[in-house]
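Text of the file protein.cif, holding mmCIF, C-alpha atoms:
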data_my_file
loop_
_atom_site.label_atom_id
_atom_site.label_comp_id
_atom_site.auth_asym_id
_atom_site.auth_seq_id
_atom_site.Cartn_x
_atom_site.Cartn_y
_atom_site.Cartn_z
CA MET A 1 1.63 -20.70 -29.30
CA ASP A 2 -0.33 -21.00 -26.11
CA HIS A 3 -0.97 -17.82 -24.16
CA PRO A 4 2.21 -17.10 -22.16
CA TYR A 5 0.21 -16.12 -19.10
CA PRO A 6 -2.77 -18.50 -18.89
CA TRP A 7 -4.14 -16.71 -15.84
CA LEU A 8 -4.91 -13.60 -17.92
CA ARG A 9 -8.32 -13.97 -19.58
CA TYR A 10 -10.79 -11.91 -21.57
CA LEU A 11 -14.21 -11.77 -19.92
CA ASP A 12 -17.09 -10.64 -22.13
CA ALA A 13 -19.20 -7.99 -20.36
CA GLY A 14 -22.35 -9.74 -21.59
CA ASP A 15 -21.38 -12.85 -19.62
CA LEU A 16 -21.26 -10.98 -16.32
CA ASP A 17 -24.24 -11.12 -14.05
CA ASP A 18 -25.70 -7.59 -14.08
CA ASP A 19 -25.96 -7.28 -10.31
CA PRO A 20 -24.96 -4.72 -9.07
CA VAL A 21 -23.81 -3.18 -12.40
CA ASP A 22 -24.75 -4.10 -15.96
CA PHE A 23 -21.37 -3.58 -17.66
CA ASP A 24 -22.43 -4.80 -21.11
CA GLY A 25 -22.39 -1.72 -23.35
CA LEU A 26 -21.90 0.63 -20.39
CA ASP A 27 -20.91 4.09 -21.61
CA VAL A 28 -17.24 5.04 -21.30
CA ARG A 29 -16.60 8.77 -21.35
CA ASN A 30 -14.00 11.20 -20.09
CA SER A 31 -14.35 13.88 -17.44
CA ALA A 32 -15.23 16.42 -20.17
CA GLY A 33 -18.27 14.25 -21.00
CA GLU A 34 -16.94 13.09 -24.39
CA HIS A 35 -18.03 9.61 -25.43
CA LEU A 36 -14.99 7.32 -25.73
CA GLY A 37 -16.86 4.09 -26.38
CA SER A 38 -18.66 1.35 -24.50
CA VAL A 39 -17.58 -1.53 -22.30
CA ASP A 40 -17.05 -4.70 -24.34
CA GLY A 41 -15.39 -6.75 -21.59
CA PHE A 42 -12.51 -7.01 -19.17
CA VAL A 43 -9.13 -8.68 -19.00
CA VAL A 44 -9.00 -10.34 -15.60
CA ASP A 45 -7.01 -12.74 -13.47
CA ARG A 46 -9.02 -15.91 -13.93
CA ASP A 47 -8.43 -17.12 -10.37
CA SER A 48 -9.14 -14.00 -8.35
CA GLY A 49 -11.34 -12.05 -10.77
CA ARG A 50 -9.02 -9.04 -10.34
CA PRO A 51 -9.44 -6.77 -13.36
CA TYR A 52 -6.43 -5.37 -15.19
CA TYR A 53 -8.07 -3.77 -18.22
CA VAL A 54 -11.45 -2.55 -19.43
CA VAL A 55 -11.95 -3.60 -23.06
CA VAL A 56 -13.48 -0.52 -24.71
CA ASP A 57 -15.21 -0.58 -28.10
CA SER A 58 -14.80 2.92 -29.49
CA GLY A 59 -17.62 2.28 -31.98
CA GLY A 60 -18.03 3.83 -35.37
CA TRP A 61 -19.48 2.60 -38.64
CA PHE A 62 -16.28 2.11 -40.59
CA ARG A 63 -13.47 2.50 -38.07
CA SER A 64 -14.51 0.65 -34.94
CA LYS A 65 -11.59 -0.01 -32.62
CA ARG A 66 -11.28 -1.97 -29.44
CA PHE A 67 -8.59 -0.93 -27.00
CA LEU A 68 -7.56 -1.83 -23.48
CA LEU A 69 -7.92 0.83 -20.82
CA PRO A 70 -5.86 0.01 -17.72
CA ILE A 71 -8.34 -0.40 -14.89
CA GLY A 72 -6.68 2.30 -12.74
CA HIS A 73 -7.74 4.92 -15.31
CA ALA A 74 -11.49 4.30 -14.92
CA ALA A 75 -13.91 5.47 -12.25
CA MET A 76 -17.61 4.64 -11.91
CA GLU A 77 -19.84 7.71 -11.90
CA SER A 78 -23.54 8.43 -12.13
CA ASP A 79 -25.13 11.65 -13.30
CA GLU A 80 -28.23 12.83 -15.18
CA ARG A 81 -27.10 10.80 -18.20
CA GLY A 82 -26.87 7.63 -16.12
CA ARG A 83 -24.08 5.42 -14.91
CA ALA A 84 -20.79 5.35 -16.83
CA LEU A 85 -17.12 4.53 -16.53
CA VAL A 86 -15.23 7.81 -16.63
CA ALA A 87 -11.68 7.63 -17.92
CA ASP A 88 -8.94 10.17 -17.25
CA LEU A 89 -8.27 10.26 -20.97
CA ALA A 90 -8.68 12.87 -23.71
CA ARG A 91 -10.62 11.59 -26.72
CA GLU A 92 -7.78 12.26 -29.14
CA ARG A 93 -5.51 9.87 -27.20
CA ILE A 94 -7.54 6.84 -28.33
CA SER A 95 -5.61 6.74 -31.60
CA ARG A 96 -2.40 6.13 -29.60
CA PHE A 97 -3.63 2.88 -28.09
CA PRO A 98 -2.68 -0.40 -29.70
CA GLY A 99 -5.82 -2.12 -30.98
CA PHE A 100 -7.17 -5.10 -29.07
CA ASP A 101 -7.93 -8.35 -30.88
CA LYS A 102 -8.86 -11.16 -28.50
CA ALA A 103 -7.46 -13.92 -30.73
CA GLU A 104 -4.15 -12.11 -31.22
CA PHE A 105 -3.92 -11.12 -27.55
CA GLU A 106 -4.14 -14.77 -26.52
CA LYS A 107 -1.17 -15.62 -28.78
CA LEU A 108 1.23 -12.88 -27.67
CA SER A 109 4.69 -13.97 -26.57
CA PRO A 110 5.83 -12.73 -23.14
CA GLU A 111 7.98 -10.06 -24.83
CA ALA A 112 5.15 -8.92 -27.11
CA LEU A 113 2.71 -8.84 -24.18
CA LYS A 114 5.14 -6.66 -22.18
CA ARG A 115 5.55 -4.32 -25.16
CA PHE A 116 1.75 -4.18 -25.66
CA ASN A 117 1.30 -3.42 -21.96
CA ASP A 118 3.95 -0.68 -22.01
CA GLU A 119 2.45 0.92 -25.15
CA THR A 120 -0.98 0.88 -23.53
CA CYS A 121 0.29 2.56 -20.35
CA ALA A 122 2.20 5.14 -22.43
CA ALA A 123 -0.99 5.96 -24.39
CA CYS A 124 -2.74 6.77 -21.10
CA SER A 125 -0.05 9.13 -19.91
CA THR A 126 0.37 12.79 -20.73
CA VAL A 127 4.01 12.60 -19.68
CA GLU A 128 6.64 10.42 -21.32
CA VAL A 129 6.61 6.94 -19.87
CA SER A 130 9.81 4.96 -19.71
CA TYR A 131 10.05 1.43 -18.39
CA SER A 132 13.24 -0.53 -18.03
CA ILE A 133 13.74 -3.40 -20.43
CA VAL A 134 14.90 -5.47 -17.48
CA GLU A 135 11.77 -4.74 -15.44
CA PRO A 136 10.04 -8.05 -14.68
CA PHE A 137 6.73 -8.39 -16.52
CA ASP A 138 4.67 -8.79 -13.36
CA ALA A 139 6.11 -5.51 -11.99
CA ALA A 140 3.70 -3.80 -14.39
CA TRP A 141 0.78 -4.77 -12.15
CA ASP A 142 2.27 -2.62 -9.37
CA ARG A 143 1.96 0.53 -11.51
CA ALA A 144 -0.72 3.08 -10.64
CA ASP A 145 -2.28 2.25 -14.02
CA TYR A 146 -3.58 -0.98 -12.46
CA ASN A 147 -4.78 0.24 -9.06
CA TYR A 148 -7.65 -1.96 -7.95
CA PRO A 149 -10.85 0.04 -8.51
CA ASP A 150 -13.25 0.64 -5.64
CA TRP A 151 -16.21 0.13 -8.00
CA TRP A 152 -15.27 -3.43 -8.98
CA GLN A 153 -17.01 -6.18 -7.10
CA ALA A 154 -15.16 -9.49 -7.40
CA GLU A 155 -18.47 -11.36 -7.24
CA PRO A 156 -19.43 -10.70 -10.88
CA SER A 157 -16.42 -12.68 -12.03
CA ARG A 158 -16.97 -15.76 -9.88
CA PRO A 159 -17.06 -18.86 -12.10
CA ASP A 160 -20.64 -19.59 -11.09
CA ARG A 161 -21.74 -16.17 -12.44
CA MET A 162 -19.65 -15.84 -15.63
CA GLY A 163 -21.66 -17.96 -18.06
CA GLU A 164 -19.62 -19.05 -21.08
CA SER A 165 -16.54 -17.18 -19.85
CA ALA A 166 -16.24 -19.24 -16.68
CA VAL A 167 -12.86 -20.77 -16.06
CA THR A 168 -12.85 -23.34 -13.31
CA ALA A 169 -9.36 -24.84 -13.63
CA GLY A 170 -6.55 -23.32 -11.63
CA ALA A 171 -4.04 -21.11 -13.38
CA GLU A 172 -0.58 -22.40 -14.15
CA TYR A 173 0.97 -19.05 -13.28
CA SER A 174 -0.17 -16.03 -11.30
CA PRO A 175 1.41 -12.61 -10.71
CA GLY A 176 3.78 -12.72 -7.79
CA HIS A 177 4.27 -16.48 -8.04
CA LYS A 178 7.51 -18.00 -9.23
CA GLN A 179 7.35 -20.47 -12.10
#

Any chance you could give the structure as structure tokens?
Amino acid sequence: MDHPYPWLRYLDAGDLDDDPVDFDGLDVRNSAGEHLGSVDGFVVDRDSGRPYYVVVDSGGWFRSKRFLLPIGHAAMESDERGRALVADLARERISRFPGFDKAEFEKLSPEALKRFNDETCAACSTVEVSYSIVEPFDAAWDRADYNYPDWWQAEPSRPDRMGESAVTAGAEYSPGHKQ
């Protein structure tokens, strides 16, 4: 099955130009200073470069896990340890996130992608999250979980700066557009 939303693409952090920020392997920690992982990439709108998720590799020798952190839950901070993305997330919550597998993500049906998205948002929340089954899929992008971050510069995702991840063809579908 082709990806149900061809405008949604994984962008490897190593393929981003490192000006102004080198995201590849950037530390991801919480406000308590606990290491949550490192930036592996982003899930972005291929036309606009708008990020929806940070792909976080939680590391580990035997139990490495990649998960998607909704972009509205990450802030860029610098301190004596250097620059990092700081997530409003307790370390123990990582186990609640569905794992991210790029190949599987690209094959999700619209229903499975909505369920994945809802489970991801629920894992971020400390209160019970309930979304209507009749809620349109693209309504998810209006949630606070996906607030556009002030630290993201759209320029790093321009096709002329994305290396192997560049997508130059127009998307068949975009959020807010009718099919």

Subject >> Nearby residues (all atoms listed in the file) at most 6 Å from segment 48-54 of chain A, same-chain spacing under 3 positions excluded, as a list in words >> reply: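 Counting all atoms listed in the file, the residues come to Phe42, Val43, Val44, Asp45, Leu68, Leu69, Pro70, Ile71, Tyr146, Ala154 and Ser157 of chain A.
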
Original post:
Quick one: distance from atom CA of Gly41 of chain A to atom CA of Leu108 of chain A in Å, one decimal?
Top reply: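 Between atom CA of Gly41 of chain A and atom CA of Leu108 of chain A the gap is 18.7 Å.
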
**OP:** Would you mind reading off the distance between atom CA of Arg91 of chain A and atom CA of Glu119 of chain A, one decimal, in Å?
**Re:**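 Answer for the atom CA of Arg91 of chain A to atom CA of Glu119 of chain A separation: 16.9 Å.
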
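Taking atom CA of Phe105 of chain A and atom CA of Asn30 of chain A as the two end points, the separation is 25.6 Å.
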
Subject >> Of the listed residues A:Ala139, A:Arg46, A:Glu77, A:Tyr148, that which approaches Asp118 of chain A most closely, counting only C-alpha atoms >> reply: A:Ala139

Original post:
Which is closest to Leu11 of chain A among A:Ala144, A:Ala87, A:Val134, A:Val55, if we use all atoms listed in the file?
Top reply: A:Val55

Subject >> the PyMOL selection byres ((chain A and resi 37) around 12) resolved against shown file, as a PyMOL selection string >> reply: chain A and resi 24-30+33-36+38-41+54-60+64-69+84-87+89+91+94

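Using only C-alpha atoms for every distance, the candidate list A:Ala90, A:Arg9, A:Met76, A:Trp141 yields A:Ala90 as the residue closest to Ala32 of chain A.
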
Original post:
Nearest to Phe116 of chain A: which of A:Phe23, A:Phe97, A:Trp152, A:Tyr10 is it, counting only C-alpha atoms?
Top reply: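 Under the stated criterion, the closest residue is A:Phe97.
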
**OP:** Choose the residue, out of A:Ala74, A:Asp150, A:Pro20, A:Asp101, that has the smallest atom-to-atom separation from Asp88 of chain A; count all atoms listed in the file.
**Re:**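 Nearest candidate to Asp88 of chain A out of A:Ala74, A:Asp150, A:Pro20, A:Asp101: A:Ala74.
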
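Contact shell of Asn117 of chain A at 10 Å (all atoms listed in the file; same-chain neighbours under 2 positions omitted): A:Leu68, A:Pro70, A:Pro98, A:Glu111, A:Ala112, A:Leu113, A:Lys114, A:Arg115, A:Glu119, A:Thr120, A:Cys121, A:Ala122, A:Ala123, A:Phe137, A:Ala140, A:Trp141.
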
Would you pull segment 76-93 of chain A out of the block just shown and save N, CA and C atoms as a short mmCIF file (atom, residue, chain, number, x, y, z; two decimals), in the first residue's frame?
data_model
loop_
_atom_site.label_atom_id
_atom_site.label_comp_id
_atom_site.auth_asym_id
_atom_site.auth_seq_id
_atom_site.Cartn_x
_atom_site.Cartn_y
_atom_site.Cartn_z
N MET A 76 13.81 24.40 22.13
CA MET A 76 15.26 24.47 21.98
C MET A 76 15.82 25.27 23.15
N GLU A 77 16.82 24.69 23.82
CA GLU A 77 17.45 25.39 24.94
C GLU A 77 18.96 25.19 24.87
N SER A 78 19.66 26.13 25.43
CA SER A 78 21.11 26.03 25.56
C SER A 78 21.48 26.28 27.01
N ASP A 79 22.42 25.50 27.50
CA ASP A 79 22.92 25.70 28.86
C ASP A 79 24.39 25.26 28.88
N GLU A 80 24.94 25.06 30.08
CA GLU A 80 26.35 24.69 30.19
C GLU A 80 26.67 23.35 29.52
N ARG A 81 25.65 22.52 29.32
CA ARG A 81 25.87 21.23 28.64
C ARG A 81 25.76 21.36 27.13
N GLY A 82 25.34 22.52 26.66
CA GLY A 82 25.20 22.74 25.22
C GLY A 82 23.76 22.87 24.81
N ARG A 83 23.56 22.87 23.52
CA ARG A 83 22.22 23.01 22.95
C ARG A 83 21.52 21.66 22.99
N ALA A 84 20.20 21.70 23.22
CA ALA A 84 19.40 20.47 23.27
C ALA A 84 17.94 20.80 23.00
N LEU A 85 17.20 19.79 22.57
CA LEU A 85 15.75 19.88 22.54
C LEU A 85 15.27 19.41 23.90
N VAL A 86 14.45 20.21 24.54
CA VAL A 86 13.93 19.87 25.85
C VAL A 86 12.45 19.56 25.70
N ALA A 87 12.09 18.35 26.10
CA ALA A 87 10.72 17.87 25.98
C ALA A 87 10.01 17.97 27.32
N ASP A 88 8.73 18.27 27.27
CA ASP A 88 7.92 18.32 28.49
C ASP A 88 7.39 16.90 28.75
N LEU A 89 8.34 16.02 29.06
CA LEU A 89 8.04 14.59 29.13
C LEU A 89 8.89 13.93 30.20
N ALA A 90 8.26 13.18 31.09
CA ALA A 90 9.01 12.41 32.08
C ALA A 90 9.63 11.19 31.39
N ARG A 91 10.82 10.82 31.81
CA ARG A 91 11.54 9.71 31.17
C ARG A 91 10.73 8.41 31.14
N GLU A 92 10.01 8.13 32.22
CA GLU A 92 9.26 6.88 32.28
C GLU A 92 8.11 6.81 31.27
N ARG A 93 7.73 7.93 30.69
CA ARG A 93 6.64 7.94 29.71
C ARG A 93 7.07 7.39 28.35
#
